[in-house]
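As structure tokens, the structure follows; a few thoughts come after it.
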Amino acid sequence: MSLAVLIWASWLVLTSSGRTTTLSVMDLASFRAIVPTIVLAPLLWRNRQVVLRIGGMRCLLLSAYGAPFTLLVGYGLEFAPVAHAGALVPGLMPVFALAFACLIFGEEVGRKQAIAVVLILCGAATILMRGTEPLLAQDMWRGHLLFLAGAVCWACFTVTARRIEISAFLSTGIVGAMSTVVLVPIWVFFDFSRLSTAHGADIAFQVVFQGVIAGLVSMFAFGRALNLIGARASALSALTPGVAALLAVPILGQIPQVTDIVALCLVVTGLVAWNRSPSQAAQATVTKDDGG
């Protein structure tokens, strides 16, 4: 589980780090989509009847966690630091997922969940308010909006995956395949790629990290953790925002401000309370982590 948390946090940092090279966000998103698609293609073919039964609309909702999520968060990191992404994306995802579940499926909100939501929203509001400080933020608010949209995409995947109850590998294959179908034509025929100007080592590193480590290894690590320690694994996922902020200091030189630290503490506390709540919504958080 520690490996899974480290990979999720590293994805935020190294996606931002990828932007310091000549690689584009489209390059990084394509790496993350194409590699799992190639690896899981045999699984998709063997389960093609299952995919057909799932239906196009549900597959589209699942794929929101693929290319749309990666592009939104990737471009958002151009405007706002990793600490903000860590708090807003994994922090607000379960809040949006709970809202969707309540509106669409009529789920009820428990007392612990309500307390967790308040803590998370207070932390998110603290960060969003920084986006209105012109001397400090400049275009930071643009990154915040993109992070919010990314959290919504992740929530769409979470609610859908929980309802259809398919394996983590199959859901990952669907996300990768649909993202590849959309991204590759744009990547190849339009001027969004920067592969020709990127250093070979940067390309190789991002292919391995985005496609193999973030796309496949983290999923296996989380699934294995669930087998070994059960529901306690989900509580550890709350460490992701804090780990991401810590990694951003030595790798990107992004030192969190006092308000960022306060916001992260609120969000992490809310996520811990959320994951300790034995509710369906807490299981939704487990499902979303299993998919990525």
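Ordering of the structure tokens sets the chain letters (A, B, ...), residue numbers begin anew at 1 in every chain, and ligands are numbered from 1 in the order given.
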**Message:** Could you go through segment 184-268 of chain A and tell me which residues DSSP, when run on the backbone, assigns to alpha helix (DSSP H), listing them as a PyMOL selection string?
**Reply:** chain A and resi 184-189+200-206+218-229+232-236+240-252+258-268
I'd like a table as JSON lines: residues in segment 162-234 of chain A with an atom no more than 12 Å from segment 17-40 of chain A, each row giving the shortest atom pair and its distance in Å to one decimal, only C-alpha atoms counted, sorted by chain and rising residue number.
{"residue": "A:Ala168", "atom": "CA", "partner": "A:Leu40", "partner_atom": "CA", "distance": 11.2}
{"residue": "A:Phe169", "atom": "CA", "partner": "A:Leu40", "partner_atom": "CA", "distance": 7.5}
{"residue": "A:Leu170", "atom": "CA", "partner": "A:Leu40", "partner_atom": "CA", "distance": 7.8}
{"residue": "A:Ser171", "atom": "CA", "partner": "A:Leu40", "partner_atom": "CA", "distance": 10.1}
{"residue": "A:Thr172", "atom": "CA", "partner": "A:Pro36", "partner_atom": "CA", "distance": 7.4}
{"residue": "A:Gly173", "atom": "CA", "partner": "A:Leu40", "partner_atom": "CA", "distance": 5.6}
{"residue": "A:Ile174", "atom": "CA", "partner": "A:Thr37", "partner_atom": "CA", "distance": 8.0}
{"residue": "A:Val175", "atom": "CA", "partner": "A:Ala33", "partner_atom": "CA", "distance": 7.7}
{"residue": "A:Gly176", "atom": "CA", "partner": "A:Ala33", "partner_atom": "CA", "distance": 4.5}
{"residue": "A:Ala177", "atom": "CA", "partner": "A:Thr37", "partner_atom": "CA", "distance": 5.2}
{"residue": "A:Met178", "atom": "CA", "partner": "A:Ala33", "partner_atom": "CA", "distance": 8.4}
{"residue": "A:Ser179", "atom": "CA", "partner": "A:Ala33", "partner_atom": "CA", "distance": 5.9}
{"residue": "A:Thr180", "atom": "CA", "partner": "A:Ala33", "partner_atom": "CA", "distance": 5.5}
{"residue": "A:Val181", "atom": "CA", "partner": "A:Ile34", "partner_atom": "CA", "distance": 9.2}
{"residue": "A:Val182", "atom": "CA", "partner": "A:Ser30", "partner_atom": "CA", "distance": 9.7}
{"residue": "A:Leu183", "atom": "CA", "partner": "A:Ser30", "partner_atom": "CA", "distance": 6.4}
{"residue": "A:Val184", "atom": "CA", "partner": "A:Ser30", "partner_atom": "CA", "distance": 7.0}
{"residue": "A:Pro185", "atom": "CA", "partner": "A:Ser30", "partner_atom": "CA", "distance": 10.5}
{"residue": "A:Ile186", "atom": "CA", "partner": "A:Met26", "partner_atom": "CA", "distance": 8.9}
{"residue": "A:Trp187", "atom": "CA", "partner": "A:Met26", "partner_atom": "CA", "distance": 6.8}
{"residue": "A:Val188", "atom": "CA", "partner": "A:Asp27", "partner_atom": "CA", "distance": 10.2}
{"residue": "A:Phe190", "atom": "CA", "partner": "A:Met26", "partner_atom": "CA", "distance": 10.6}
{"residue": "A:Asp191", "atom": "CA", "partner": "A:Met26", "partner_atom": "CA", "distance": 10.0}
{"residue": "A:Phe192", "atom": "CA", "partner": "A:Met26", "partner_atom": "CA", "distance": 6.3}
{"residue": "A:Ser193", "atom": "CA", "partner": "A:Asp27", "partner_atom": "CA", "distance": 5.8}
{"residue": "A:Arg194", "atom": "CA", "partner": "A:Leu23", "partner_atom": "CA", "distance": 5.1}
{"residue": "A:Leu195", "atom": "CA", "partner": "A:Leu23", "partner_atom": "CA", "distance": 6.3}
{"residue": "A:Ser196", "atom": "CA", "partner": "A:Leu23", "partner_atom": "CA", "distance": 9.1}
{"residue": "A:Thr197", "atom": "CA", "partner": "A:Thr22", "partner_atom": "CA", "distance": 6.5}
{"residue": "A:Ala198", "atom": "CA", "partner": "A:Thr22", "partner_atom": "CA", "distance": 5.2}
{"residue": "A:His199", "atom": "CA", "partner": "A:Thr22", "partner_atom": "CA", "distance": 8.0}
{"residue": "A:Gly200", "atom": "CA", "partner": "A:Leu23", "partner_atom": "CA", "distance": 10.6}
{"residue": "A:Ala201", "atom": "CA", "partner": "A:Thr21", "partner_atom": "CA", "distance": 10.7}
{"residue": "A:Asp202", "atom": "CA", "partner": "A:Thr21", "partner_atom": "CA", "distance": 7.4}
{"residue": "A:Ile203", "atom": "CA", "partner": "A:Leu23", "partner_atom": "CA", "distance": 7.7}
{"residue": "A:Ala204", "atom": "CA", "partner": "A:Phe31", "partner_atom": "CA", "distance": 10.0}
{"residue": "A:Phe205", "atom": "CA", "partner": "A:Gly18", "partner_atom": "CA", "distance": 9.5}
{"residue": "A:Gln206", "atom": "CA", "partner": "A:Leu28", "partner_atom": "CA", "distance": 6.9}
{"residue": "A:Val207", "atom": "CA", "partner": "A:Phe31", "partner_atom": "CA", "distance": 5.4}
{"residue": "A:Val208", "atom": "CA", "partner": "A:Phe31", "partner_atom": "CA", "distance": 8.3}
{"residue": "A:Phe209", "atom": "CA", "partner": "A:Arg32", "partner_atom": "CA", "distance": 8.3}
{"residue": "A:Gln210", "atom": "CA", "partner": "A:Arg32", "partner_atom": "CA", "distance": 4.7}
{"residue": "A:Gly211", "atom": "CA", "partner": "A:Arg32", "partner_atom": "CA", "distance": 4.1}
{"residue": "A:Val212", "atom": "CA", "partner": "A:Val35", "partner_atom": "CA", "distance": 6.7}
{"residue": "A:Ile213", "atom": "CA", "partner": "A:Arg32", "partner_atom": "CA", "distance": 9.3}
{"residue": "A:Ala214", "atom": "CA", "partner": "A:Arg32", "partner_atom": "CA", "distance": 7.5}
{"residue": "A:Gly215", "atom": "CA", "partner": "A:Arg32", "partner_atom": "CA", "distance": 6.1}
{"residue": "A:Leu216", "atom": "CA", "partner": "A:Pro36", "partner_atom": "CA", "distance": 6.7}
{"residue": "A:Val217", "atom": "CA", "partner": "A:Pro36", "partner_atom": "CA", "distance": 10.3}
{"residue": "A:Met219", "atom": "CA", "partner": "A:Pro36", "partner_atom": "CA", "distance": 11.2}
Output file for the selection above: C-alpha atoms, as a PDB file, in the first residue's frame:
ATOM      1  CA  ALA A 168      -9.514  -3.523 -11.865  1.00  0.00           C
ATOM      2  CA  PHE A 169      -7.528  -4.831 -14.835  1.00  0.00           C
ATOM      3  CA  LEU A 170     -10.563  -4.790 -17.139  1.00  0.00           C
ATOM      4  CA  SER A 171     -11.608  -1.276 -16.104  1.00  0.00           C
ATOM      5  CA  THR A 172      -8.032  -0.082 -16.655  1.00  0.00           C
ATOM      6  CA  GLY A 173      -8.019  -1.710 -20.086  1.00  0.00           C
ATOM      7  CA  ILE A 174     -11.273   0.018 -21.035  1.00  0.00           C
ATOM      8  CA  VAL A 175      -9.977   3.390 -19.848  1.00  0.00           C
ATOM      9  CA  GLY A 176      -6.717   2.951 -21.726  1.00  0.00           C
ATOM     10  CA  ALA A 177      -8.316   1.713 -24.944  1.00  0.00           C
ATOM     11  CA  MET A 178     -10.900   4.490 -25.179  1.00  0.00           C
ATOM     12  CA  SER A 179      -8.312   7.114 -24.310  1.00  0.00           C
ATOM     13  CA  THR A 180      -5.986   5.728 -26.967  1.00  0.00           C
ATOM     14  CA  VAL A 181      -8.711   5.846 -29.630  1.00  0.00           C
ATOM     15  CA  VAL A 182      -9.293   9.540 -28.873  1.00  0.00           C
ATOM     16  CA  LEU A 183      -5.725  10.659 -28.209  1.00  0.00           C
ATOM     17  CA  VAL A 184      -3.652   8.928 -30.880  1.00  0.00           C
ATOM     18  CA  PRO A 185      -5.242  10.628 -33.931  1.00  0.00           C
ATOM     19  CA  ILE A 186      -4.898  14.036 -32.260  1.00  0.00           C
ATOM     20  CA  TRP A 187      -1.384  13.209 -31.068  1.00  0.00           C
ATOM     21  CA  VAL A 188      -0.238  12.045 -34.505  1.00  0.00           C
ATOM     22  CA  PHE A 190      -2.009  17.659 -34.972  1.00  0.00           C
ATOM     23  CA  ASP A 191       0.894  19.667 -33.634  1.00  0.00           C
ATOM     24  CA  PHE A 192       0.564  18.685 -29.961  1.00  0.00           C
ATOM     25  CA  SER A 193       3.539  16.341 -29.678  1.00  0.00           C
ATOM     26  CA  ARG A 194       7.030  17.479 -28.710  1.00  0.00           C
ATOM     27  CA  LEU A 195       8.734  14.104 -29.050  1.00  0.00           C
ATOM     28  CA  SER A 196      11.025  15.306 -31.833  1.00  0.00           C
ATOM     29  CA  THR A 197      12.609  17.919 -29.559  1.00  0.00           C
ATOM     30  CA  ALA A 198      12.661  15.917 -26.316  1.00  0.00           C
ATOM     31  CA  HIS A 199      15.712  14.160 -24.951  1.00  0.00           C
ATOM     32  CA  GLY A 200      15.640  10.376 -25.361  1.00  0.00           C
ATOM     33  CA  ALA A 201      16.153   9.788 -21.651  1.00  0.00           C
ATOM     34  CA  ASP A 202      13.145  11.997 -20.799  1.00  0.00           C
ATOM     35  CA  ILE A 203      10.965  10.094 -23.255  1.00  0.00           C
ATOM     36  CA  ALA A 204      12.052   6.692 -21.953  1.00  0.00           C
ATOM     37  CA  PHE A 205      11.565   7.726 -18.328  1.00  0.00           C
ATOM     38  CA  GLN A 206       8.063   9.115 -18.883  1.00  0.00           C
ATOM     39  CA  VAL A 207       6.995   6.113 -20.988  1.00  0.00           C
ATOM     40  CA  VAL A 208       8.009   3.766 -18.180  1.00  0.00           C
ATOM     41  CA  PHE A 209       6.588   5.893 -15.390  1.00  0.00           C
ATOM     42  CA  GLN A 210       3.343   7.052 -17.000  1.00  0.00           C
ATOM     43  CA  GLY A 211       2.525   3.827 -18.801  1.00  0.00           C
ATOM     44  CA  VAL A 212       3.929   1.044 -16.662  1.00  0.00           C
ATOM     45  CA  ILE A 213       4.332   2.341 -13.111  1.00  0.00           C
ATOM     46  CA  ALA A 214       1.368   4.721 -12.838  1.00  0.00           C
ATOM     47  CA  GLY A 215      -0.844   2.759 -15.216  1.00  0.00           C
ATOM     48  CA  LEU A 216      -0.234  -0.822 -14.079  1.00  0.00           C
ATOM     49  CA  VAL A 217       2.030  -1.266 -11.038  1.00  0.00           C
ATOM     50  CA  MET A 219      -3.119  -0.900  -9.500  1.00  0.00           C
TER      51      MET A 219
END
Could you name the residues that touch Leu88 of chain A at 7 Å or less, counting only C-alpha atoms, but leaving out those on the same chain fewer than 6 positions away, as a CSV table (one decimal) with N, CA and C atoms, in the first residue's frame?
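Output file around_18.csv follows:
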chain,number,residue,atom,x,y,z
A,124,ALA,N,-10.1,22.7,0.8
A,124,ALA,CA,-10.2,23.1,-0.6
A,124,ALA,C,-10.5,24.6,-0.8
A,147,PHE,N,-8.1,21.5,-11.9
A,147,PHE,CA,-8.0,20.4,-10.9
A,147,PHE,C,-9.4,20.0,-10.5
A,148,LEU,N,-10.3,20.9,-10.4
A,148,LEU,CA,-11.7,20.6,-10.0
A,148,LEU,C,-12.4,19.7,-11.1
**Message:** List as a PyMOL selection string the protein and nucleic acid residues near Ile104 of chain A, meaning an atom at most 12 Å away when only C-alpha atoms are counted, but skip any in the same chain fewer than 3 places from it.
**Reply:** chain A and resi 96-101+107-108+156+159-160+163
**Message:** Calculated over only C-alpha atoms, which of the candidates A:Val258, A:Ala248, A:Val117, A:Ala263 has the smallest distance to Asn275 of chain A?
**Reply:** A:Val117
**Prompt:** Using only C-alpha atoms, which residues sit within 6 Å of Phe222 of chain A once same-chain residues fewer than 3 positions away are excluded, as JSON, numbers by chain?
**Reply:** {"A": [1, 4, 219, 225]}
May I have the residues from that selection written out with C-alpha atoms, as a PDB file, in the first residue's frame?
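Produced file again33.pdb, reproduced below:
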ATOM      1  CA  MET A   1       0.000   0.000   0.000  1.00  0.00           C
ATOM      2  CA  ALA A   4       0.694   2.567  -4.270  1.00  0.00           C
ATOM      3  CA  MET A 219      -3.119  -0.900  -9.500  1.00  0.00           C
ATOM      4  CA  ALA A 225      -2.719  -4.546  -0.284  1.00  0.00           C
TER       5      ALA A 225
END
**Prompt:** Which residue gives the smallest distance to Val95 of chain A among A:Ala80, A:Leu145, A:Val152, A:Ala238, with only C-alpha atoms counted?
**Reply:**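 So, comparing all the options, the nearest one is A:Val152.
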**Message:** Please compute the atom CA of Ala244 of chain A-atom CA of Met129 of chain A distance, one decimal, in Å.
**Reply:**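 According to the coordinates, atom CA of Ala244 of chain A and atom CA of Met129 of chain A are separated by 20.7 Å.
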**Message:** What does the structure give for the distance between atom CA of Thr126 of chain A and atom CA of Gly150 of chain A, in Å to one decimal?
**Reply:** 18.6 Å
**Request:** Could you please determine the separation between atom CA of Ile115 of chain A and atom CA of Thr269 of chain A in Å, to one decimal place?
**Result:**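 Distance reported for this atom pair: 10.1 Å.
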**Message:** Which residue is closest to Ile7 of chain A? Choose from A:Ile120, A:Ala151, A:Ala221, A:Val89 and count only C-alpha atoms.
**Reply:** A:Ala221
